[in-house]
$ cat work38.cif   # mmCIF, C-alpha atoms
data_my_file
loop_
_atom_site.group_PDB
_atom_site.id
_atom_site.type_symbol
_atom_site.label_atom_id
_atom_site.label_comp_id
_atom_site.auth_asym_id
_atom_site.auth_seq_id
_atom_site.Cartn_x
_atom_site.Cartn_y
_atom_site.Cartn_z
ATOM 1 C CA MET A 9 180.461 120.650 108.997
ATOM 2 C CA THR A 10 183.843 121.361 110.537
ATOM 3 C CA GLY A 11 184.452 122.781 113.989
ATOM 4 C CA SER A 12 185.254 126.207 112.594
ATOM 5 C CA SER A 13 182.017 126.212 110.576
ATOM 6 C CA ILE A 14 179.971 125.318 113.649
ATOM 7 C CA LYS A 15 181.695 128.067 115.623
ATOM 8 C CA TYR A 16 181.010 130.600 112.856
ATOM 9 C CA LEU A 17 177.377 129.575 112.442
ATOM 10 C CA THR A 18 176.822 129.661 116.208
ATOM 11 C CA LYS A 19 178.103 133.235 116.289
ATOM 12 C CA GLU A 20 175.792 134.015 113.377
ATOM 13 C CA GLY A 21 172.873 132.662 115.374
ATOM 14 C CA PHE A 22 173.659 134.988 118.293
ATOM 15 C CA ARG A 23 174.208 137.891 115.904
ATOM 16 C CA ASN A 24 170.893 137.255 114.161
ATOM 17 C CA VAL A 25 169.035 137.506 117.472
ATOM 18 C CA TRP A 26 170.333 141.048 117.925
ATOM 19 C CA THR A 27 170.190 142.058 114.266
ATOM 20 C CA ASN A 28 166.534 141.002 114.049
ATOM 21 C CA ARG A 29 165.802 142.064 117.615
ATOM 22 C CA MET A 30 162.263 143.287 116.962
ATOM 23 C CA MET A 31 161.162 139.934 115.540
ATOM 24 C CA SER A 32 163.153 138.152 118.241
ATOM 25 C CA LEU A 33 161.396 140.224 120.891
ATOM 26 C CA ALA A 34 158.028 139.421 119.323
ATOM 27 C CA SER A 35 158.822 135.691 119.364
ATOM 28 C CA ILE A 36 159.971 135.863 122.979
ATOM 29 C CA CYS A 37 156.864 137.769 124.094
ATOM 30 C CA VAL A 38 154.491 135.371 122.347
ATOM 31 C CA LEU A 39 156.233 132.307 123.736
ATOM 32 C CA MET A 40 156.428 133.878 127.208
ATOM 33 C CA SER A 41 152.675 134.480 127.202
ATOM 34 C CA CYS A 42 151.988 130.828 126.464
ATOM 35 C CA LEU A 43 154.545 129.579 129.001
ATOM 36 C CA VAL A 44 153.133 131.830 131.720
ATOM 37 C CA LEU A 45 149.665 130.376 131.104
ATOM 38 C CA ILE A 46 151.055 126.829 131.213
ATOM 39 C CA GLY A 47 153.025 127.574 134.399
ATOM 40 C CA THR A 48 150.052 129.202 136.109
ATOM 41 C CA ALA A 49 147.798 126.267 135.253
ATOM 42 C CA ALA A 50 150.453 123.829 136.483
ATOM 43 C CA MET A 51 150.796 125.572 139.874
ATOM 44 C CA VAL A 52 147.015 125.666 140.338
ATOM 45 C CA PHE A 53 146.710 121.940 139.654
ATOM 46 C CA LEU A 54 149.726 121.145 141.871
ATOM 47 C CA ASN A 55 148.075 122.976 144.774
ATOM 48 C CA ILE A 56 144.799 121.128 144.200
ATOM 49 C CA ASP A 57 146.637 117.811 144.049
ATOM 50 C CA THR A 58 148.475 118.604 147.296
ATOM 51 C CA LEU A 59 145.193 119.510 148.986
ATOM 52 C CA LEU A 60 143.656 116.219 147.868
ATOM 53 C CA SER A 61 146.688 114.339 149.189
ATOM 54 C CA ARG A 62 146.239 115.948 152.598
ATOM 55 C CA ILE A 63 142.561 115.017 152.647
ATOM 56 C CA GLU A 64 143.487 111.459 151.692
ATOM 57 C CA GLU A 65 145.849 111.256 154.642
ATOM 58 C CA GLU A 66 142.931 112.043 156.959
ATOM 59 C CA ASN A 67 140.841 109.248 155.448
ATOM 60 C CA VAL A 68 142.035 106.476 157.765
ATOM 61 C CA ILE A 69 140.665 103.054 158.637
ATOM 62 C CA MET A 70 139.894 102.320 162.295
ATOM 63 C CA VAL A 71 140.452 98.656 163.184
ATOM 64 C CA TYR A 72 138.898 97.718 166.558
ATOM 65 C CA ALA A 73 140.131 94.651 168.430
ATOM 66 C CA LYS A 74 137.933 92.275 170.415
ATOM 67 C CA ASP A 75 137.620 92.989 174.157
ATOM 68 C CA GLU A 76 139.446 89.831 175.182
ATOM 69 C CA THR A 77 142.470 90.529 172.965
ATOM 70 C CA THR A 78 145.734 90.376 174.933
ATOM 71 C CA ASP A 79 148.761 92.641 174.556
ATOM 72 C CA GLU A 80 150.637 89.854 172.787
ATOM 73 C CA GLN A 81 147.787 89.422 170.324
ATOM 74 C CA LEU A 82 147.664 93.193 169.758
ATOM 75 C CA ALA A 83 151.377 93.217 168.953
ATOM 76 C CA LYS A 84 150.904 90.329 166.536
ATOM 77 C CA MET A 85 147.947 92.130 164.935
ATOM 78 C CA GLU A 86 150.107 95.212 164.380
ATOM 79 C CA GLU A 87 152.770 93.111 162.656
ATOM 80 C CA GLU A 88 150.139 91.499 160.424
ATOM 81 C CA ILE A 89 148.653 94.881 159.481
ATOM 82 C CA ASN A 90 152.088 96.296 158.632
ATOM 83 C CA ALA A 91 152.773 93.240 156.473
ATOM 84 C CA LEU A 92 149.760 93.978 154.255
ATOM 85 C CA ASP A 93 150.060 95.831 150.966
ATOM 86 C CA ASN A 94 149.104 99.517 150.685
ATOM 87 C CA ILE A 95 149.763 100.270 154.373
ATOM 88 C CA LYS A 96 151.459 103.594 155.062
ATOM 89 C CA GLU A 97 151.191 103.931 158.832
ATOM 90 C CA VAL A 98 149.756 101.964 161.759
ATOM 91 C CA GLU A 99 149.100 103.668 165.098
ATOM 92 C CA LEU A 100 147.866 101.894 168.232
ATOM 93 C CA VAL A 101 145.078 103.729 170.064
ATOM 94 C CA LYS A 102 144.850 102.300 173.579
ATOM 95 C CA LYS A 103 141.376 102.222 175.056
ATOM 96 C CA GLU A 104 142.554 104.178 178.109
ATOM 97 C CA ASP A 105 143.773 107.062 175.931
ATOM 98 C CA ALA A 106 140.644 106.967 173.757
ATOM 99 C CA TRP A 107 138.431 107.042 176.855
ATOM 100 C CA GLU A 108 140.267 110.064 178.309
ATOM 101 C CA GLU A 109 139.878 111.899 175.040
ATOM 102 C CA GLN A 110 136.188 111.057 174.948
ATOM 103 C CA LEU A 111 135.681 112.332 178.515
ATOM 104 C CA ALA A 112 137.533 115.538 177.651
ATOM 105 C CA THR A 113 134.904 116.344 175.023
ATOM 106 C CA MET A 114 132.046 116.066 177.578
ATOM 107 C CA ASP A 115 130.754 118.524 180.125
ATOM 108 C CA LYS A 116 132.233 118.102 183.586
ATOM 109 C CA ALA A 117 128.980 116.718 185.003
ATOM 110 C CA ASP A 118 128.560 114.188 182.199
ATOM 111 C CA ALA A 119 132.193 113.091 182.527
ATOM 112 C CA GLU A 120 131.786 112.542 186.274
ATOM 113 C CA PHE A 121 128.588 110.595 185.664
ATOM 114 C CA PHE A 122 130.189 108.186 183.196
ATOM 115 C CA LYS A 123 133.205 107.731 185.465
ATOM 116 C CA GLY A 124 130.906 106.769 188.321
ATOM 117 C CA VAL A 125 128.745 104.350 186.305
ATOM 118 C CA SER A 126 131.479 101.760 185.931
ATOM 119 C CA SER A 127 135.173 101.392 186.547
ATOM 120 C CA GLU A 128 135.561 99.471 183.305
ATOM 121 C CA ILE A 129 136.393 101.320 180.103
ATOM 122 C CA PRO A 130 133.595 100.796 177.527
ATOM 123 C CA LEU A 131 135.933 101.140 174.543
ATOM 124 C CA PRO A 132 138.121 98.576 172.764
ATOM 125 C CA ASP A 133 141.757 98.931 171.751
ATOM 126 C CA ALA A 134 142.106 99.993 168.139
ATOM 127 C CA TYR A 135 144.559 100.615 165.368
ATOM 128 C CA LYS A 136 144.486 103.754 163.236
ATOM 129 C CA VAL A 137 145.552 102.607 159.771
ATOM 130 C CA THR A 138 146.607 105.045 157.057
ATOM 131 C CA VAL A 139 146.694 103.662 153.516
ATOM 132 C CA GLU A 140 149.196 104.499 150.771
ATOM 133 C CA SER A 141 146.725 104.750 147.893
ATOM 134 C CA LEU A 142 142.963 105.151 147.914
ATOM 135 C CA ASP A 143 142.824 103.275 144.601
ATOM 136 C CA GLN A 144 143.351 100.048 146.590
ATOM 137 C CA PHE A 145 141.112 101.081 149.488
ATOM 138 C CA ASP A 146 138.529 98.303 149.105
ATOM 139 C CA ALA A 147 141.185 95.581 148.773
ATOM 140 C CA THR A 148 142.938 96.865 151.911
ATOM 141 C CA VAL A 149 139.704 96.788 153.933
ATOM 142 C CA GLU A 150 139.061 93.240 152.729
ATOM 143 C CA ASP A 151 142.560 92.164 153.804
ATOM 144 C CA LEU A 152 142.072 93.723 157.237
ATOM 145 C CA ASN A 153 138.790 91.876 157.692
ATOM 146 C CA GLY A 154 140.673 88.619 157.228
ATOM 147 C CA LEU A 155 142.915 89.121 160.271
ATOM 148 C CA ASP A 156 142.371 87.470 163.653
ATOM 149 C CA ASN A 157 140.926 89.198 166.749
ATOM 150 C CA ILE A 158 139.159 91.857 164.687
ATOM 151 C CA ASP A 159 135.868 93.075 166.135
ATOM 152 C CA ILE A 160 134.738 95.756 163.677
ATOM 153 C CA ILE A 161 136.298 97.999 161.048
ATOM 154 C CA ARG A 162 135.147 101.549 160.469
ATOM 155 C CA GLU A 163 135.993 103.211 157.189
ATOM 156 C CA ASN A 164 134.604 105.913 154.929
ATOM 157 C CA LYS A 165 134.381 104.132 151.599
ATOM 158 C CA ASP A 166 132.222 106.821 149.971
ATOM 159 C CA LEU A 167 134.718 109.579 150.758
ATOM 160 C CA ALA A 168 137.584 107.441 149.452
ATOM 161 C CA GLN A 169 135.774 106.801 146.169
ATOM 162 C CA LYS A 170 134.916 110.498 145.777
ATOM 163 C CA LEU A 171 138.524 111.514 146.393
ATOM 164 C CA VAL A 172 139.755 109.006 143.800
ATOM 165 C CA SER A 173 137.219 110.320 141.269
ATOM 166 C CA ILE A 174 138.162 113.937 141.970
ATOM 167 C CA ARG A 175 141.891 113.186 141.623
ATOM 168 C CA GLN A 176 141.327 111.378 138.311
ATOM 169 C CA GLY A 177 139.156 114.237 137.043
ATOM 170 C CA ILE A 178 141.728 116.856 138.055
ATOM 171 C CA SER A 179 144.493 114.856 136.336
ATOM 172 C CA ILE A 180 142.516 114.624 133.093
ATOM 173 C CA ILE A 181 141.677 118.334 133.160
ATOM 174 C CA ALA A 182 145.314 119.230 133.848
ATOM 175 C CA ILE A 183 146.566 117.105 130.947
ATOM 176 C CA VAL A 184 143.968 118.550 128.554
ATOM 177 C CA VAL A 185 144.605 122.170 129.590
ATOM 178 C CA VAL A 186 148.401 121.861 129.337
ATOM 179 C CA ALA A 187 148.118 120.017 126.010
ATOM 180 C CA VAL A 188 145.809 122.692 124.569
ATOM 181 C CA LEU A 189 148.075 125.505 125.760
ATOM 182 C CA PHE A 190 151.103 123.698 124.329
ATOM 183 C CA ALA A 191 149.341 123.275 120.970
ATOM 184 C CA ILE A 192 148.405 126.960 120.982
ATOM 185 C CA SER A 193 152.016 127.830 121.781
ATOM 186 C CA LEU A 194 153.280 125.789 118.846
ATOM 187 C CA PHE A 195 150.750 127.353 116.499
ATOM 188 C CA ILE A 196 151.452 130.944 117.522
ATOM 189 C CA ILE A 197 155.213 130.489 117.628
ATOM 190 C CA SER A 198 155.240 128.764 114.233
ATOM 191 C CA ASN A 199 153.389 131.697 112.692
ATOM 192 C CA THR A 200 155.643 134.227 114.408
ATOM 193 C CA ILE A 201 158.773 132.438 113.231
ATOM 194 C CA ARG A 202 157.238 132.128 109.776
ATOM 195 C CA LEU A 203 157.110 135.908 109.629
ATOM 196 C CA THR A 204 160.714 136.077 110.813
ATOM 197 C CA VAL A 205 161.906 133.633 108.165
ATOM 198 C CA TYR A 206 159.805 135.335 105.485
ATOM 199 C CA SER A 207 161.426 138.681 106.261
ATOM 200 C CA ARG A 208 164.829 137.029 105.734
ATOM 201 C CA ARG A 209 163.950 134.991 102.647
ATOM 202 C CA LEU A 210 166.335 137.003 100.483
ATOM 203 C CA GLU A 211 169.209 136.230 102.873
ATOM 204 C CA ILE A 212 168.379 132.519 102.686
ATOM 205 C CA SER A 213 168.097 132.655 98.911
ATOM 206 C CA ILE A 214 171.523 134.322 98.575
ATOM 207 C CA MET A 215 173.134 131.678 100.758
ATOM 208 C CA LYS A 216 171.551 128.935 98.623
ATOM 209 C CA SER A 217 172.693 130.651 95.431
ATOM 210 C CA VAL A 218 176.358 130.575 96.485
ATOM 211 C CA GLY A 219 176.184 126.858 97.211
ATOM 212 C CA ALA A 220 175.350 126.707 100.911
ATOM 213 C CA THR A 221 173.901 123.370 102.024
ATOM 214 C CA ASN A 222 170.566 123.119 103.790
ATOM 215 C CA SER A 223 172.250 122.240 107.091
ATOM 216 C CA PHE A 224 174.572 125.260 106.749
ATOM 217 C CA VAL A 225 171.575 127.541 106.246
ATOM 218 C CA ARG A 226 169.525 125.942 109.010
ATOM 219 C CA PHE A 227 172.167 125.959 111.735
ATOM 220 C CA PRO A 228 172.052 129.694 112.627
ATOM 221 C CA PHE A 229 168.262 129.526 112.782
ATOM 222 C CA VAL A 230 168.475 126.488 115.070
ATOM 223 C CA VAL A 231 170.877 128.364 117.352
ATOM 224 C CA GLU A 232 168.592 131.377 117.232
ATOM 225 C CA GLY A 233 165.590 129.240 118.150
ATOM 226 C CA MET A 234 167.466 127.735 121.093
ATOM 227 C CA ILE A 235 168.463 131.190 122.352
ATOM 228 C CA LEU A 236 164.888 132.452 122.114
ATOM 229 C CA GLY A 237 163.639 129.309 123.881
ATOM 230 C CA VAL A 238 166.108 129.642 126.773
ATOM 231 C CA LEU A 239 165.380 133.358 127.201
ATOM 232 C CA SER A 240 161.618 132.813 127.049
ATOM 233 C CA GLY A 241 161.727 129.932 129.529
ATOM 234 C CA SER A 242 163.910 131.773 132.031
ATOM 235 C CA VAL A 243 161.914 135.004 131.970
ATOM 236 C CA SER A 244 158.608 133.088 132.077
ATOM 237 C CA LEU A 245 159.693 131.288 135.244
ATOM 238 C CA GLY A 246 160.397 134.625 136.912
ATOM 239 C CA ILE A 247 157.009 136.006 135.877
ATOM 240 C CA VAL A 248 155.104 132.923 137.086
ATOM 241 C CA TRP A 249 157.067 132.956 140.345
ATOM 242 C CA GLY A 250 156.193 136.620 140.897
ATOM 243 C CA PHE A 251 152.505 136.096 140.094
ATOM 244 C CA TYR A 252 152.371 133.054 142.371
ATOM 245 C CA GLU A 253 153.944 134.791 145.375
ATOM 246 C CA PHE A 254 151.657 137.797 144.829
ATOM 247 C CA ALA A 255 148.560 135.562 144.736
ATOM 248 C CA VAL A 256 149.652 133.657 147.861
ATOM 249 C CA ASN A 257 150.168 136.926 149.760
ATOM 250 C CA GLN A 258 146.792 138.251 148.624
ATOM 251 C CA PHE A 259 144.939 135.121 149.744
ATOM 252 C CA SER A 260 147.045 134.371 152.835
ATOM 253 C CA GLY A 261 144.235 135.417 155.164
ATOM 254 C CA LEU A 262 141.721 133.107 153.506
ATOM 255 C CA LEU A 263 144.214 130.237 153.451
ATOM 256 C CA ASN A 264 144.883 130.661 157.175
ATOM 257 C CA GLU A 265 141.160 130.655 157.975
ATOM 258 C CA LEU A 266 140.755 127.404 156.050
ATOM 259 C CA ASN A 267 143.903 125.994 157.693
ATOM 260 C CA LEU A 268 145.526 125.516 154.287
ATOM 261 C CA ASN A 269 149.090 126.110 153.148
ATOM 262 C CA ALA A 270 150.086 126.877 149.563
ATOM 263 C CA ILE A 271 152.964 124.808 148.238
ATOM 264 C CA ALA A 272 156.371 126.490 148.069
ATOM 265 C CA PHE A 273 157.192 127.592 144.533
ATOM 266 C CA ALA A 274 160.918 127.086 145.172
ATOM 267 C CA ASP A 275 160.322 123.320 145.439
ATOM 268 C CA TYR A 276 159.129 123.253 141.821
ATOM 269 C CA ALA A 277 161.256 126.061 140.360
ATOM 270 C CA LEU A 278 163.987 123.898 138.816
ATOM 271 C CA PRO A 279 161.597 121.315 137.252
ATOM 272 C CA LEU A 280 159.454 124.123 135.842
ATOM 273 C CA LEU A 281 162.539 125.897 134.491
ATOM 274 C CA GLY A 282 163.610 122.716 132.727
ATOM 275 C CA ILE A 283 160.134 122.219 131.276
ATOM 276 C CA PHE A 284 159.857 125.862 130.169
ATOM 277 C CA ILE A 285 163.262 125.822 128.479
ATOM 278 C CA ALA A 286 162.483 122.482 126.822
ATOM 279 C CA ILE A 287 159.152 123.785 125.481
ATOM 280 C CA GLY A 288 160.822 127.001 124.362
ATOM 281 C CA ILE A 289 163.586 125.159 122.504
ATOM 282 C CA VAL A 290 161.136 122.728 120.881
ATOM 283 C CA CYS A 291 158.899 125.598 119.760
ATOM 284 C CA GLY A 292 161.779 127.804 118.625
ATOM 285 C CA VAL A 293 163.885 125.175 116.866
ATOM 286 C CA GLY A 294 160.930 123.180 115.573
ATOM 287 C CA GLY A 295 159.176 126.261 114.258
ATOM 288 C CA SER A 296 162.350 127.431 112.520
ATOM 289 C CA LEU A 297 162.996 124.097 110.828
ATOM 290 C CA VAL A 298 159.422 123.632 109.661
ATOM 291 C CA THR A 299 158.916 127.137 108.305
ATOM 292 C CA MET A 300 162.326 127.229 106.580
ATOM 293 C CA SER A 301 161.701 124.152 104.463
ATOM 294 C CA LYS A 302 159.789 126.050 101.738
ATOM 295 C CA TYR A 303 162.567 128.582 101.295
ATOM 296 C CA LEU A 304 165.377 126.022 101.261
ATOM 297 C CA ASN A 305 163.912 124.496 98.098
ATOM 298 C CA LYS A 306 163.801 127.719 96.083
ATOM 299 C CA GLU A 307 167.470 127.554 95.067
ATOM 300 C CA GLY A 308 167.924 131.294 94.668
ATOM 301 C CA SER A 309 164.593 132.050 93.002
ATOM 302 C CA GLU A 310 164.084 134.960 95.398
ATOM 303 C CA ILE A 311 167.096 136.736 93.825
ATOM 304 C CA SER A 312 165.704 136.414 90.351
ATOM 305 C CA GLY A 313 162.503 138.041 91.476
ATOM 306 C CA VAL A 314 164.288 141.055 92.933
#

$ encode --input "work38.cif" --output "structure tokens"
Amino acid sequence: MTGSSIKYLTKEGFRNVWTNRMMSLASICVLMSCLVLIGTAAMVFLNIDTLLSRIEEENVIMVYAKDETTDEQLAKMEEEINALDNIKEVELVKKEDAWEEQLATMDKADAEFFKGVSSEIPLPDAYKVTVESLDQFDATVEDLNGLDNIDIIRENKDLAQKLVSIRQGISIIAIVVVAVLFAISLFIISNTIRLTVYSRRLEISIMKSVGATNSFVRFPFVVEGMILGVLSGSVSLGIVWGFYEFAVNQFSGLLNELNLNAIAFADYALPLLGIFIAIGIVCGVGGSLVTMSKYLNKEGSEISGV
């Protein structure tokens, strides 16, 4: 097709959206409903994933040094820990600071008693190690056990394994839910567009009768599908955003009591918009192309039946 043909057919696509505005509105509403469900599910799973990430950050490994370890050996130990794989952060906890914190949790009488028992601090120096990924938790603990001047290592292996299992389960559920909603979207949109194309079968048949090629006939419908997809995606983002902010405001008191913060929707707005528009275009264009194929092969038979 020439440039002028593409320009003409593009205009026809925009014109068709308005001319068949009731069917266009029906397609947009159906697709919006599916996209809103997908967006809502995505934000729920993103919040759960963020919560799990925060819990993971609290699941640290405490590495206690032997009593006779010198400052030089502690510094070397820190370098060796940082050199290991899967290490996110290493923080030195001096025994003096740990002892003061421990005394602060006691009653005044108990604190005075322990201070008077001995001038020596009954705690070792330690390193608070935060790992990058809980999937490699066991291997990291094993590597730490192989370092010099290590007395004991305290870690919560059971919690780490549970968090990994929960994250994997949430990921599988999220993929299944989004996939099912996407399949439902394709099915509903295909049937809606099928009705649209069916109502315009005579128009398609006339174009075929005067010698129009399949690509010439398809192009306005492709443009129309893209327009419907972009409109549906954009409006759906606004609806999901509004629902999300409303829900966060409604549950703000509960979130504050649990010391939790909902993720900011603005951080995910652009990626979600891109995904929504992509899904909308795929559904709109794909549905148009698939449902048009039966009418493109009739070669004007609809006219003869009129």

$ resolve_selection --input "work38.cif" --expression "the PyMOL selection byres ((chain A and resi 149) around 12)" --output "PyMOL selection string"
chain A and resi 68-71+89+92-95+137-139+142-148+150-155+158+160-165+168

$ atom_distance --input "work38.cif" --atom1 "CA of Glu97 in chain A" --atom2 "CA of Lys136 in chain A"
8.0 Å

$ residues_around --input "work38.cif" --residues "range 241-255 of chain A" --least-positions-apart "6" --cutoff "8 Å" --atoms "all atoms listed in the file" --output "ChimeraX atom specification"
/A:40-41,43-44,47-48,273,277,280-281,284-288

$ write_last_selection --input "work38.cif" --atoms "C-alpha atoms" --output "PDB file, keeping the file's coordinate frame"
ATOM      1  CA  MET A  40     156.428 133.878 127.208  1.00  0.00           C
ATOM      2  CA  SER A  41     152.675 134.480 127.202  1.00  0.00           C
ATOM      3  CA  LEU A  43     154.545 129.579 129.001  1.00  0.00           C
ATOM      4  CA  VAL A  44     153.133 131.830 131.720  1.00  0.00           C
ATOM      5  CA  GLY A  47     153.025 127.574 134.399  1.00  0.00           C
ATOM      6  CA  THR A  48     150.052 129.202 136.109  1.00  0.00           C
ATOM      7  CA  PHE A 273     157.192 127.592 144.533  1.00  0.00           C
ATOM      8  CA  ALA A 277     161.256 126.061 140.360  1.00  0.00           C
ATOM      9  CA  LEU A 280     159.454 124.123 135.842  1.00  0.00           C
ATOM     10  CA  LEU A 281     162.539 125.897 134.491  1.00  0.00           C
ATOM     11  CA  PHE A 284     159.857 125.862 130.169  1.00  0.00           C
ATOM     12  CA  ILE A 285     163.262 125.822 128.479  1.00  0.00           C
ATOM     13  CA  ALA A 286     162.483 122.482 126.822  1.00  0.00           C
ATOM     14  CA  ILE A 287     159.152 123.785 125.481  1.00  0.00           C
ATOM     15  CA  GLY A 288     160.822 127.001 124.362  1.00  0.00           C
TER      16      GLY A 288
END

$ residues_around --input "work38.cif" --residues "range 182-188 of chain A" --least-positions-apart "6" --cutoff "9 Å" --atoms "all atoms listed in the file" --output "list in words"
Leu45, Ile46, Gly47, Ala49, Ala50 and Phe53 of chain A

$ atom_distance --input "work38.cif" --atom1 "CA of Asp105 in chain A" --atom2 "CA of Asn157 in chain A"
20.3 Å

$ resolve_selection --input "work38.cif" --expression "the PyMOL selection byres ((chain A and resi 14) around 12)" --output "list in words"
Met9, Thr10, Gly11, Ser12, Ser13, Lys15, Tyr16, Leu17, Thr18, Lys19, Glu20, Gly21, Ser223, Phe224, Val225, Arg226, Phe227, Pro228, Val230 and Val231 of chain A

$ closest_residue --input "work38.cif" --among "A:Met215, A:Val256, A:Leu236, A:Leu268" --to "Leu60 in chain A" --atoms "all atoms listed in the file"
A:Leu268

$ atom_distance --input "work38.cif" --atom1 "CA of Thr77 in chain A" --atom2 "CA of Ala134 in chain A"
10.6 Å

$ closest_residue --input "work38.cif" --among "A:Ile178, A:Met85, A:Trp26, A:Lys170" --to "Leu100 in chain A" --atoms "all atoms listed in the file"
A:Met85

$ closest_residue --input "work38.cif" --among "A:Ser141, A:Asn257, A:Glu104, A:Val218" --to "Val172 in chain A" --atoms "only C-alpha atoms"
A:Ser141

$ resolve_selection --input "work38.cif" --expression "the PyMOL selection byres ((chain A and resi 83) around 12)" --output "list in words"
Ala73, Thr77, Thr78, Asp79, Glu80, Gln81, Leu82, Lys84, Met85, Glu86, Glu87, Glu88, Ile89, Asn90, Val98, Glu99, Leu100, Asp133, Ala134, Tyr135, Asp156 and Asn157 of chain A

$ axis_aligned_box --input "work38.cif" --around "range 257-265 of chain A" --padding-each-side "8 Å" --output "AutoDock Vina command-line options"
--center_x 145.7 --center_y 134.2 --center_z 153.3 --size_x 25.0 --size_y 24.0 --size_z 25.4
